[in-house]
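Asks: The structure file coords-v6.txt (compact mmCIF, C-alpha atoms) is provided below.
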```
# COMPACT_ATOMS: atom_id res chain seq x y z
CA MET I 120 -20.94 -8.05 12.85
CA THR I 121 -22.54 -6.52 9.80
CA ILE I 122 -22.11 -5.43 6.20
CA TYR I 123 -24.04 -2.15 6.00
CA PHE I 124 -23.61 -1.53 2.28
CA GLU I 125 -22.19 -3.48 -0.62
CA THR I 126 -22.10 -3.07 -4.36
CA GLY I 127 -19.58 -4.15 -6.93
CA SER I 128 -18.83 -6.00 -10.14
CA GLU I 129 -16.27 -6.02 -12.93
CA THR I 130 -18.41 -3.56 -14.90
CA THR I 131 -19.68 -1.28 -12.13
CA SER I 132 -18.55 2.37 -12.28
CA LEU I 133 -19.62 4.29 -9.19
CA THR I 134 -20.27 8.02 -9.41
CA SER I 135 -20.06 10.68 -6.69
CA ASP I 136 -23.84 10.43 -6.29
CA ASP I 137 -23.46 6.67 -5.77
CA LEU I 138 -20.91 7.25 -3.00
CA ARG I 139 -23.16 9.84 -1.33
CA ALA I 140 -26.13 7.47 -1.47
CA ALA I 141 -24.05 4.65 0.04
CA LEU I 142 -22.99 6.86 2.95
CA THR I 143 -26.56 8.04 3.48
CA GLU I 144 -27.74 4.42 3.66
CA THR I 145 -24.91 3.48 6.02
CA PHE I 146 -25.50 6.34 8.47
CA ALA I 147 -29.21 5.55 8.45
CA LYS I 148 -28.38 2.00 9.56
CA ILE I 149 -25.70 2.72 12.15
CA GLY I 150 -27.15 5.99 13.41
CA THR I 151 -25.72 9.46 13.02
CA PRO I 152 -22.57 9.69 15.15
CA GLU I 153 -22.12 12.42 17.72
CA LYS I 154 -18.31 12.39 17.61
CA ALA I 155 -16.62 10.74 14.64
CA LEU I 156 -12.99 10.03 13.83
CA LEU I 157 -12.20 9.47 10.15
CA LEU I 158 -9.17 7.40 9.10
CA PRO I 159 -8.53 7.93 5.38
CA PRO I 160 -5.25 7.02 3.65
CA ASP I 161 -2.71 9.70 2.78
CA HIS I 162 -1.88 11.16 -0.64
CA THR I 163 -0.08 7.96 -1.69
CA ARG I 164 -3.63 6.56 -2.18
CA LEU I 165 -4.80 9.58 -4.10
CA PHE I 166 -6.80 7.50 -6.59
CA SER I 167 -8.65 5.46 -3.98
CA ARG I 168 -11.71 7.80 -3.85
CA ALA I 169 -11.08 7.91 -0.07
CA GLY I 170 -10.46 11.65 -0.25
CA GLU I 171 -13.83 12.18 -1.89
CA ILE I 172 -15.57 9.91 0.62
CA THR I 173 -13.96 11.89 3.46
CA SER I 174 -15.19 15.16 1.92
CA LEU I 175 -18.69 13.68 1.53
CA CYS I 176 -18.66 12.62 5.19
CA TYR I 177 -17.81 16.17 6.21
CA GLU I 178 -20.52 17.51 3.92
CA MET I 179 -23.06 15.18 5.57
CA LEU I 180 -21.92 15.21 9.19
CA GLY I 181 -20.29 18.60 9.61
CA GLU I 182 -19.29 19.35 13.21
CA ARG I 183 -20.00 15.77 14.24
CA ILE I 184 -16.61 14.96 12.69
CA ALA I 185 -14.21 15.78 15.51
CA ASP I 186 -10.96 14.43 14.07
CA ILE I 187 -9.49 13.21 10.78
CA MET I 188 -6.26 11.25 10.92
CA PRO I 189 -4.66 10.19 7.63
CA ALA I 190 -3.29 6.67 8.14
CA LEU I 191 0.33 7.60 7.48
CA GLY I 192 2.08 4.55 8.88
CA THR I 193 5.73 5.49 8.42
CA HIS I 194 5.05 8.08 5.70
CA SER I 195 5.76 11.78 6.05
CA PRO I 196 2.92 13.99 7.33
CA MET I 197 0.79 15.50 4.59
CA LYS I 198 1.42 19.13 3.71
CA PRO I 199 -1.46 21.65 3.76
CA GLU I 200 -1.61 21.80 -0.03
CA GLN I 201 -1.78 17.99 -0.21
CA LEU I 202 -4.61 17.94 2.34
CA SER I 203 -6.55 20.59 0.44
CA HIS I 204 -6.05 18.73 -2.84
CA MET I 205 -7.07 15.30 -1.56
CA PHE I 206 -9.85 16.43 0.82
CA PRO I 207 -11.53 19.43 -0.86
CA GLY I 208 -13.82 21.45 1.36
CA VAL I 209 -12.61 19.92 4.62
CA PRO I 210 -11.20 22.40 7.18
CA LEU I 211 -7.49 21.82 7.74
CA ASP I 212 -7.85 22.22 11.51
CA LEU I 213 -9.66 18.86 11.65
CA PHE I 214 -6.57 16.92 10.56
CA ARG I 215 -4.32 15.20 13.10
CA PRO I 216 -0.88 13.87 12.14
CA HIS I 217 -0.03 10.31 13.15
CA ARG I 218 3.40 10.07 14.78
CA TRP I 219 4.27 6.40 14.62
CA ARG I 220 7.22 6.70 17.01
CA ASP I 221 5.37 8.63 19.72
CA ASP I 222 1.56 8.69 19.78
CA VAL I 223 0.71 5.00 20.13
CA VAL I 224 -0.69 2.60 22.68
CA THR I 225 -0.49 -1.20 22.74
CA LEU I 226 -3.91 -2.85 22.81
CA GLY I 227 -2.61 -6.38 23.25
CA THR I 228 -0.16 -9.00 22.03
CA VAL I 229 -0.79 -11.70 19.46
CA PRO I 230 1.00 -14.73 20.94
CA ALA I 231 4.11 -16.15 19.32
CA SER I 232 2.40 -19.54 19.02
CA TYR I 233 -0.26 -18.06 16.74
CA VAL I 234 2.27 -16.09 14.68
CA SER I 235 4.32 -19.26 14.23
CA GLU I 236 1.24 -21.26 13.25
CA VAL I 237 0.12 -18.89 10.48
CA THR I 238 3.66 -18.32 9.12
CA GLU I 239 4.25 -22.09 8.95
CA GLY I 240 7.02 -21.83 11.55
CA LEU I 241 9.04 -19.21 9.65
CA TYR I 242 8.49 -16.48 12.27
CA ASN I 243 8.28 -17.20 15.98
CA LYS I 244 7.88 -13.87 17.78
CA PRO I 245 4.77 -12.33 19.35
CA TRP I 246 3.23 -9.33 17.58
CA GLN I 247 2.26 -6.09 19.32
CA ALA I 248 -1.15 -4.70 18.28
CA GLN I 249 -0.58 -0.95 18.43
CA VAL I 250 -2.75 2.00 17.36
CA ASN I 251 -2.68 5.75 17.72
CA LYS I 252 -3.90 6.63 21.22
CA LEU I 253 -6.66 8.80 19.72
CA LEU I 254 -8.46 5.64 18.59
CA ARG I 255 -8.60 4.24 22.12
CA ASP I 256 -8.85 7.41 24.18
CA GLY I 257 -10.64 9.91 21.93
CA GLY I 258 -14.17 9.17 23.11
CA HIS I 259 -15.52 8.71 19.58
CA ASP I 260 -18.76 6.86 18.89
CA LEU I 261 -17.64 6.14 15.31
CA ILE I 262 -14.18 5.39 13.96
CA PHE I 263 -14.66 5.34 10.18
CA SER I 264 -11.71 3.73 8.39
CA ILE I 265 -11.76 4.57 4.67
CA GLY I 266 -9.53 3.10 1.97
CA GLN I 267 -8.90 1.00 -1.11
CA VAL I 268 -8.45 -2.76 -1.33
CA VAL I 269 -5.69 -3.40 -3.87
CA PRO I 270 -2.86 -5.95 -4.24
CA HIS I 271 -0.11 -5.22 -1.74
CA GLU I 272 3.41 -6.49 -1.14
CA VAL I 273 3.28 -6.73 2.68
CA ILE I 274 -0.21 -8.04 3.37
CA GLY I 275 -1.41 -9.41 0.03
CA MET I 276 -4.42 -7.12 -0.29
CA ALA I 277 -4.14 -3.64 1.22
CA ASN I 278 -6.45 -1.87 3.64
CA TYR I 279 -9.18 -3.02 6.05
CA ASN I 280 -7.57 -3.40 9.51
CA LYS I 281 -4.12 -2.71 8.06
CA ASN I 282 -5.34 0.89 7.90
CA VAL I 283 -5.72 0.73 11.70
CA PHE I 284 -2.82 -1.42 12.92
CA VAL I 285 -0.23 -0.24 10.39
CA GLY I 286 -1.67 3.06 9.19
CA THR I 287 -1.98 4.30 12.78
CA GLY I 288 0.42 1.76 14.28
CA GLY I 289 3.63 2.07 16.25
CA VAL I 290 7.27 1.14 15.86
CA GLU I 291 7.06 -2.45 17.08
CA GLY I 292 3.83 -3.33 15.27
CA ILE I 293 4.79 -1.78 11.93
CA ASN I 294 8.36 -3.04 11.95
CA GLU I 295 7.51 -6.61 12.86
CA SER I 296 4.53 -6.79 10.49
CA HIS I 297 6.69 -5.82 7.52
CA TYR I 298 9.59 -8.06 8.43
CA LEU I 299 7.59 -11.19 9.22
CA SER I 300 5.86 -10.84 5.86
CA ALA I 301 9.20 -10.40 4.07
CA VAL I 302 10.58 -13.50 5.77
CA TYR I 303 7.46 -15.43 4.78
CA GLY I 304 7.96 -14.33 1.16
CA ILE I 305 6.64 -11.60 -1.12
CA GLU I 306 5.84 -14.03 -3.94
CA GLN I 307 3.64 -16.05 -1.56
CA THR I 308 1.89 -12.86 -0.38
CA LEU I 309 1.16 -10.60 -3.34
CA GLY I 310 -2.50 -10.47 -4.36
CA ARG I 311 -3.72 -12.96 -1.75
CA ALA I 312 -6.41 -12.05 0.77
CA ASN I 313 -5.91 -14.49 3.65
CA THR I 314 -2.15 -14.12 4.19
CA PRO I 315 -0.32 -14.78 7.48
CA LEU I 316 -0.19 -11.07 8.31
CA ARG I 317 -3.88 -10.64 7.53
CA GLN I 318 -4.69 -13.51 9.89
CA ILE I 319 -2.57 -11.85 12.59
CA LEU I 320 -4.36 -8.51 12.17
CA ASN I 321 -7.74 -10.25 12.17
CA TYR I 322 -6.77 -11.96 15.44
CA ALA I 323 -5.85 -8.58 16.91
CA GLN I 324 -9.12 -7.03 15.79
CA ASP I 325 -11.17 -9.90 17.19
CA HIS I 326 -9.39 -9.96 20.54
CA PHE I 327 -8.41 -6.36 21.27
CA CYS I 328 -10.86 -4.02 19.50
CA GLU I 329 -14.22 -5.15 20.86
CA GLY I 330 -14.92 -1.79 22.51
CA MET I 331 -13.83 0.34 19.56
CA PRO I 332 -16.63 1.47 17.18
CA ILE I 333 -14.72 0.80 13.96
CA VAL I 334 -16.56 0.68 10.62
CA TYR I 335 -14.71 0.17 7.33
CA ALA I 336 -15.47 1.70 3.92
CA LEU I 337 -13.53 -0.16 1.24
CA THR I 338 -13.31 0.85 -2.42
CA VAL I 339 -12.10 -1.23 -5.35
CA VAL I 340 -10.69 0.89 -8.19
CA GLN I 341 -9.60 -0.29 -11.64
CA GLN I 342 -7.45 1.62 -14.09
CA LEU I 343 -8.14 0.73 -17.72
CA ARG I 344 -5.48 0.62 -20.41
CA ASP I 345 -6.35 4.14 -21.54
CA GLY I 346 -5.65 5.45 -18.04
CA THR I 347 -9.26 6.04 -17.01
CA LEU I 348 -10.22 5.03 -13.46
CA HIS I 349 -13.43 3.25 -12.52
CA THR I 350 -14.62 2.54 -9.00
CA ARG I 351 -15.80 -1.03 -9.37
CA GLY I 352 -17.00 -1.61 -5.83
CA LEU I 353 -17.75 -0.17 -2.40
CA TYR I 354 -18.15 -2.29 0.71
CA ILE I 355 -19.00 -0.80 4.12
CA GLY I 356 -19.13 -2.88 7.28
CA ASP I 357 -17.46 -3.87 10.52
CA ASP I 358 -16.53 -7.51 9.89
CA HIS I 359 -14.01 -9.66 8.03
CA GLU I 360 -16.56 -10.57 5.35
CA THR I 361 -16.68 -6.92 4.27
CA PHE I 362 -12.97 -7.12 3.47
CA PHE I 363 -13.04 -10.53 1.81
CA LYS I 364 -15.83 -9.45 -0.55
CA ALA I 365 -13.83 -6.38 -1.56
CA ALA I 366 -10.67 -8.47 -1.92
CA ASP I 367 -12.44 -10.94 -4.19
CA LEU I 368 -13.42 -8.13 -6.55
CA ALA I 369 -9.94 -6.58 -6.36
CA TYR I 370 -8.46 -9.94 -7.36
CA ARG I 371 -10.67 -9.93 -10.45
CA VAL I 372 -10.07 -6.33 -11.57
CA ASN I 373 -6.62 -5.38 -10.23
CA ILE I 374 -4.52 -8.36 -11.33
CA THR I 375 -3.44 -8.50 -14.96
CA HIS I 376 -2.49 -11.96 -16.21
CA LEU I 377 -0.03 -11.64 -19.08
CA GLU I 378 0.18 -14.28 -21.80
CA LYS I 379 3.98 -14.27 -21.59
CA PRO I 380 6.66 -12.80 -19.28
CA PRO I 381 7.89 -9.44 -20.67
CA GLN I 382 11.63 -9.14 -21.25
CA HIS I 383 11.23 -5.42 -20.57
CA VAL I 384 8.70 -3.56 -18.41
CA VAL I 385 8.51 0.24 -18.21
CA ALA I 386 6.68 1.67 -15.19
CA TYR I 387 5.85 5.32 -14.55
CA LEU I 388 5.79 6.97 -11.12
CA ASP I 389 3.43 9.96 -11.10
CA PRO I 390 5.25 12.98 -9.58
CA ALA I 391 2.17 13.84 -7.51
CA GLU I 392 2.34 10.47 -5.78
CA PHE I 393 5.93 9.17 -5.74
CA LYS I 394 8.92 11.07 -4.34
CA SER I 395 10.88 8.22 -2.75
CA THR I 396 11.95 4.68 -3.54
CA TRP I 397 10.16 3.69 -0.31
CA LEU I 398 6.93 4.33 -2.21
CA GLY I 399 8.16 4.14 -5.80
CA ASN I 400 9.37 0.58 -5.43
CA LYS I 401 5.78 -0.50 -5.92
CA ALA I 402 7.00 -0.59 -9.52
CA ILE I 403 9.21 -3.53 -8.48
CA TYR I 404 6.78 -5.23 -6.12
CA ARG I 405 3.82 -5.24 -8.48
CA THR I 406 5.71 -6.40 -11.60
CA ARG I 407 8.10 -8.97 -10.16
CA LEU I 408 5.67 -11.85 -10.77
CA ALA I 409 5.61 -10.98 -14.48
CA ILE I 410 9.14 -9.97 -15.57
CA ALA I 411 11.11 -12.64 -17.40
CA THR I 412 14.20 -14.04 -15.74
CA GLY I 413 17.10 -12.08 -17.18
CA GLY I 414 14.73 -9.27 -18.13
CA ARG I 415 14.70 -5.58 -17.29
CA LEU I 416 12.45 -3.16 -15.41
CA THR I 417 12.81 0.52 -16.27
CA ILE I 418 11.33 2.89 -13.69
CA LEU I 419 10.47 6.45 -14.68
CA GLY I 420 10.49 8.47 -11.46
CA PRO I 421 10.87 12.15 -12.33
CA ALA I 422 10.11 13.36 -8.78
CA VAL I 423 11.98 10.69 -6.81
CA GLU I 424 14.30 12.61 -4.49
CA GLU I 425 15.01 10.27 -1.57
CA PHE I 426 15.10 6.62 -0.57
CA GLY I 427 13.25 6.49 2.75
CA GLU I 428 10.68 9.06 3.86
CA ASP I 429 11.91 8.59 7.42
CA ALA I 430 15.45 9.92 7.99
CA GLU I 431 16.70 6.78 9.74
CA ILE I 432 15.20 4.46 7.15
CA ASP I 433 16.74 6.60 4.39
CA ARG I 434 20.12 6.18 6.07
CA LEU I 435 19.70 2.41 6.34
CA ILE I 436 18.72 2.06 2.67
CA ARG I 437 21.80 4.05 1.69
CA ARG I 438 24.02 1.96 3.94
CA TYR I 439 22.85 -1.54 3.07
CA GLY I 440 21.13 -1.29 -0.33
CA TYR I 441 18.58 -3.57 -1.92
CA ARG I 442 19.86 -7.13 -1.52
CA THR I 443 18.51 -10.65 -1.64
CA LYS I 444 16.37 -11.95 1.21
CA GLU I 445 19.15 -14.28 2.30
CA GLU I 446 21.64 -11.41 2.48
CA ILE I 447 19.29 -9.10 4.37
CA VAL I 448 18.38 -11.75 6.95
CA GLN I 449 22.11 -12.19 7.62
CA LEU I 450 22.66 -8.42 7.84
CA VAL I 451 19.82 -8.17 10.37
CA ALA I 452 21.59 -10.81 12.45
CA ASP I 453 24.91 -8.99 12.20
CA HIS I 454 24.02 -5.29 12.51
CA GLU I 455 22.14 -3.71 15.39
CA ASP I 456 20.91 -0.67 13.47
CA LEU I 457 19.16 -2.79 10.83
CA ALA I 458 17.85 -5.23 13.43
CA ALA I 459 16.28 -2.26 15.24
CA ASN I 460 14.37 -1.30 12.09
CA PRO I 461 12.77 -4.46 10.69
CA SER I 462 10.45 -2.51 8.38
CA ALA I 463 13.52 -1.08 6.66
CA ALA I 464 14.95 -4.57 6.34
CA ALA I 465 11.67 -5.80 4.88
CA HIS I 466 11.69 -2.94 2.38
CA LEU I 467 15.19 -3.89 1.25
CA VAL I 468 14.05 -7.46 0.65
CA HIS I 469 10.92 -6.40 -1.23
CA GLY I 470 12.86 -3.96 -3.38
CA SER I 471 15.44 -6.52 -4.46
CA PRO I 472 15.06 -8.25 -7.83
CA GLU I 473 16.82 -11.22 -6.16
CA ASN I 474 19.41 -11.17 -8.96
CA ARG I 475 16.69 -12.37 -11.35
CA PHE I 476 16.19 -9.21 -13.43
CA GLU I 477 17.77 -5.77 -13.83
CA VAL I 478 16.23 -2.59 -12.39
CA VAL I 479 17.04 0.61 -14.31
CA TYR I 480 15.97 3.48 -12.07
CA GLY I 481 15.42 6.90 -13.62
CA ALA I 482 15.15 9.05 -10.48
CA GLY I 483 14.80 12.72 -11.32
CA LYS I 484 16.35 14.08 -8.14
CA LEU I 485 18.87 11.41 -7.11
CA THR I 486 22.32 11.15 -8.66
CA ALA I 487 23.53 8.20 -10.71
CA ASP I 488 26.02 7.41 -7.93
CA GLU I 489 23.25 7.34 -5.33
CA ILE I 490 21.14 4.98 -7.42
CA ALA I 491 24.10 2.69 -8.15
CA SER I 492 25.07 2.62 -4.46
CA VAL I 493 21.83 0.86 -3.48
CA GLY I 494 22.09 -1.83 -6.16
CA TYR I 495 20.15 -0.44 -9.13
CA THR I 496 21.30 0.63 -12.59
CA PRO I 497 21.10 4.42 -12.94
CA GLY I 498 18.88 5.73 -15.74
CA ASP I 499 18.97 9.20 -17.29
CA ILE I 500 15.47 10.44 -16.51
CA ASN I 501 15.46 13.08 -19.24
CA ALA I 502 16.50 10.63 -21.94
CA LEU I 503 14.07 8.01 -20.66
CA MET I 504 11.13 10.43 -20.57
CA GLN I 505 11.93 11.39 -24.16
CA ARG I 506 12.10 7.77 -25.22
CA TYR I 507 8.91 6.75 -23.40
CA ASP I 508 6.22 9.39 -23.84
CA VAL I 509 3.98 8.79 -20.86
CA GLY I 510 1.39 11.15 -22.30
CA SER I 511 0.72 8.90 -25.26
CA LEU I 512 1.45 5.40 -23.94
CA ASN I 513 -1.37 3.15 -22.73
CA ASP I 514 -0.90 0.16 -20.45
CA GLY I 515 0.15 -2.82 -22.53
CA TRP I 516 2.60 -4.01 -25.16
CA HIS I 517 4.58 -1.54 -27.30
CA THR I 518 7.53 -1.52 -29.71
CA ASP I 519 10.64 0.30 -28.46
CA SER I 520 12.77 2.64 -30.60
CA ASP I 521 15.29 -0.18 -31.13
CA GLY I 522 12.58 -2.53 -32.39
CA SER I 523 12.35 -4.58 -29.21
CA GLU I 524 9.13 -5.14 -27.26
CA PHE I 525 8.22 -3.65 -23.88
CA TYR I 526 5.21 -3.67 -21.59
CA TYR I 527 4.15 -0.28 -20.20
CA ILE I 528 2.44 0.38 -16.86
CA GLN I 529 1.06 3.84 -16.13
CA ASN I 530 0.53 3.40 -12.37
CA PRO I 531 1.98 0.27 -10.73
CA ALA I 532 0.28 1.11 -7.41
CA LEU I 533 -3.14 0.33 -8.87
CA GLY I 534 -2.60 -3.30 -9.74
CA LEU I 535 -0.50 -6.44 -9.92
CA TRP I 536 0.92 -8.07 -13.04
CA GLN I 537 1.55 -11.81 -13.32
CA ALA I 538 2.88 -14.20 -15.94
CA ASP I 539 3.77 -17.88 -15.84
CA LEU I 540 7.52 -17.67 -15.15
CA LYS I 541 7.84 -21.46 -15.12
CA HIS I 542 7.12 -21.71 -18.82
CA GLN I 543 9.30 -19.07 -20.39
CA PRO I 544 10.37 -19.50 -23.99
CA GLY I 545 13.88 -20.87 -24.40
```
Is it possible to give me this structure as structure tokens?
Replies:
Amino acid sequence: MTIYFETGSETTSLTSDDLRAALTETFAKIGTPEKALLLPPDHTRLFSRAGEITSLCYEMLGERIADIMPALGTHSPMKPEQLSHMFPGVPLDLFRPHRWRDDVVTLGTVPASYVSEVTEGLYNKPWQAQVNKLLRDGGHDLIFSIGQVVPHEVIGMANYNKNVFVGTGGVEGINESHYLSAVYGIEQTLGRANTPLRQILNYAQDHFCEGMPIVYALTVVQQLRDGTLHTRGLYIGDDHETFFKAADLAYRVNITHLEKPPQHVVAYLDPAEFKSTWLGNKAIYRTRLAIATGGRLTILGPAVEEFGEDAEIDRLIRRYGYRTKEEIVQLVADHEDLAANPSAAAHLVHGSPENRFEVVYGAGKLTADEIASVGYTPGDINALMQRYDVGSLNDGWHTDSDGSEFYYIQNPALGLWQADLKHQPG
């Protein structure tokens, strides 16, 4: 098990030439593949530099790249214009959609005893390690998984083998991974590298993927207060240490420690990236460790048009709404349709403020009644966008039009915000 390339620090800023040189060094060490499968993220990780790395791989390897499969997980397939935007210069006929309900195989089962051990007895079911069948049966001599390590609500720090087992996973694996993490607790998961779910995926990789030629390329990207993005690190390898080194840097550059809990946070959802609450609720996940009890989160989502990107999950969100963990666990016990979709149940838990703060949701393409029906306070997106000029606001503290203070976040997907909620004034 090897790290083929590593560079990173809190002041590093990698250029396109740096990425090309890193790939050149890596392919020199592992050998030029004859038949490669690339696994980049989809457009919801537009700022990860994974699209550029994929394009560079095509530039360098050409016809040796047989297949490119965006790691969609449960997300909608990318449209041709999204593919062309994220992966410039790459022929569209190389892309394969991942169908999480159909195109999967089970590599093995992580035993219930291990799952129970790492979740401290809170979850006692076995976990199915599933991947798209192309990974097992495609005859590739390189499976190159590309993505960004960043704080994440389900696994603590996103990417690495999550890109494989969730990004190309199946119904049982994805559903159970999300729900077991929700039961364990989002506050105990966010921003941590060695979480229960990570240990489960590492077990699956160690026991079931020995014959699969998987190499990981992991970026760490920081957004500064002025909105500029800097790639602080790149780690390429095939072992757990590759991930943990990237996660250590992500912890240092992607988590903002606030000196006090904001009474009001305003978070913007870029229309190019966020069209559903399924994705847009990162604004809730990534700020919940900072917002003061009794405070307010205002979400500016001008392009949000649906709840779930999957039709059945959308229906479940509309039916049950965002409720406390205790309520959702009971609903799972009582209702077969929610029990059959644990990832939807997990999403409802993660998207709930647990009655601790208010969520004002300005969704450009959902009605006020729709927003209210799932447990949020409707916000008038036009009035909110006038009040909060996203073109001139930088991340950080600002004074509102009524004289009160708010904390603004330009892209909640790129970080995690924390404050000491145990020592709030008053």
Asks: Write out as a ChimeraX atom specification which residues come within 9 Å of I:Leu320 when counting all atoms listed in the file, dropping same-chain ones fewer than 5 positions away.
Replies: /I:229,248,280-281,284,315,325
Asks: Point out the residue among I:Glu424, I:Asp539, I:Asp161, I:Glu360 with the least atom-to-atom distance to I:Arg407, counting only C-alpha atoms.
Replies: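 Once distances to I:Arg407 are computed over only C-alpha atoms, the minimum belongs to I:Asp539.
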Asks: Find the spatial neighbours of stretch 426-434 of chain I, counting only C-alpha atoms, within a cut-off of 12 Å - ignore same-chain residues fewer than 4 positions away - and output them as a tab-separated table (two decimals) with C-alpha atoms, in the frame of the given file.
Replies:
```tsv
chain	number	residue	atom	x	y	z
I	191	LEU	CA	0.33	7.60	7.48
I	192	GLY	CA	2.08	4.55	8.88
I	193	THR	CA	5.73	5.49	8.42
I	194	HIS	CA	5.05	8.08	5.70
I	195	SER	CA	5.76	11.78	6.05
I	196	PRO	CA	2.92	13.99	7.33
I	197	MET	CA	0.79	15.50	4.59
I	218	ARG	CA	3.40	10.07	14.78
I	219	TRP	CA	4.27	6.40	14.62
I	220	ARG	CA	7.22	6.70	17.01
I	294	ASN	CA	8.36	-3.04	11.95
I	393	PHE	CA	5.93	9.17	-5.74
I	394	LYS	CA	8.92	11.07	-4.34
I	395	SER	CA	10.88	8.22	-2.75
I	396	THR	CA	11.95	4.68	-3.54
I	397	TRP	CA	10.16	3.69	-0.31
I	398	LEU	CA	6.93	4.33	-2.21
I	399	GLY	CA	8.16	4.14	-5.80
I	400	ASN	CA	9.37	0.58	-5.43
I	420	GLY	CA	10.49	8.47	-11.46
I	422	ALA	CA	10.11	13.36	-8.78
I	438	ARG	CA	24.02	1.96	3.94
I	439	TYR	CA	22.85	-1.54	3.07
I	440	GLY	CA	21.13	-1.29	-0.33
I	441	TYR	CA	18.58	-3.57	-1.92
I	456	ASP	CA	20.91	-0.67	13.47
I	457	LEU	CA	19.16	-2.79	10.83
I	458	ALA	CA	17.85	-5.23	13.43
I	459	ALA	CA	16.28	-2.26	15.24
I	460	ASN	CA	14.37	-1.30	12.09
I	461	PRO	CA	12.77	-4.46	10.69
I	462	SER	CA	10.45	-2.51	8.38
I	463	ALA	CA	13.52	-1.08	6.66
I	464	ALA	CA	14.95	-4.57	6.34
I	465	ALA	CA	11.67	-5.80	4.88
I	466	HIS	CA	11.69	-2.94	2.38
I	467	LEU	CA	15.19	-3.89	1.25
I	470	GLY	CA	12.86	-3.96	-3.38
I	480	TYR	CA	15.97	3.48	-12.07
I	482	ALA	CA	15.15	9.05	-10.48
I	484	LYS	CA	16.35	14.08	-8.14
I	485	LEU	CA	18.87	11.41	-7.11
I	486	THR	CA	22.32	11.15	-8.66
I	489	GLU	CA	23.25	7.34	-5.33
I	490	ILE	CA	21.14	4.98	-7.42
I	492	SER	CA	25.07	2.62	-4.46
I	493	VAL	CA	21.83	0.86	-3.48
```
Asks: Can you work out which one of I:Tyr279, I:Tyr335, I:Tyr298, I:Phe362 has the shortest atom-to-atom distance to I:Leu241, counting all atoms listed in the file?
Replies: I:Tyr298
Asks: Find the residues of stretch 487-523 of chain I that sit at most 6 Å from stretch 476-479 of chain I; for each, write down the nearest two atoms and how far apart they are in Å, to one decimal. Count only C-alpha atoms. Sort by chain, then by number going up, and give it as JSON lines.
Replies:
```
{"residue": "I:Tyr495", "atom": "CA", "partner": "I:Val478", "partner_atom": "CA", "distance": 5.5}
{"residue": "I:Thr496", "atom": "CA", "partner": "I:Val479", "partner_atom": "CA", "distance": 4.6}
{"residue": "I:Pro497", "atom": "CA", "partner": "I:Val479", "partner_atom": "CA", "distance": 5.7}
{"residue": "I:Gly498", "atom": "CA", "partner": "I:Val479", "partner_atom": "CA", "distance": 5.6}
```
Asks: Tell me, as a list in words, which residues lie within 9 Å of I:Asn501, counting only C-alpha atoms; anything in the same chain fewer than 3 positions away does not count.
Replies: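 Answer for this query is Pro421, Gly481, Gly483, Gly498, Met504, Gln505 and Arg506 of chain I.
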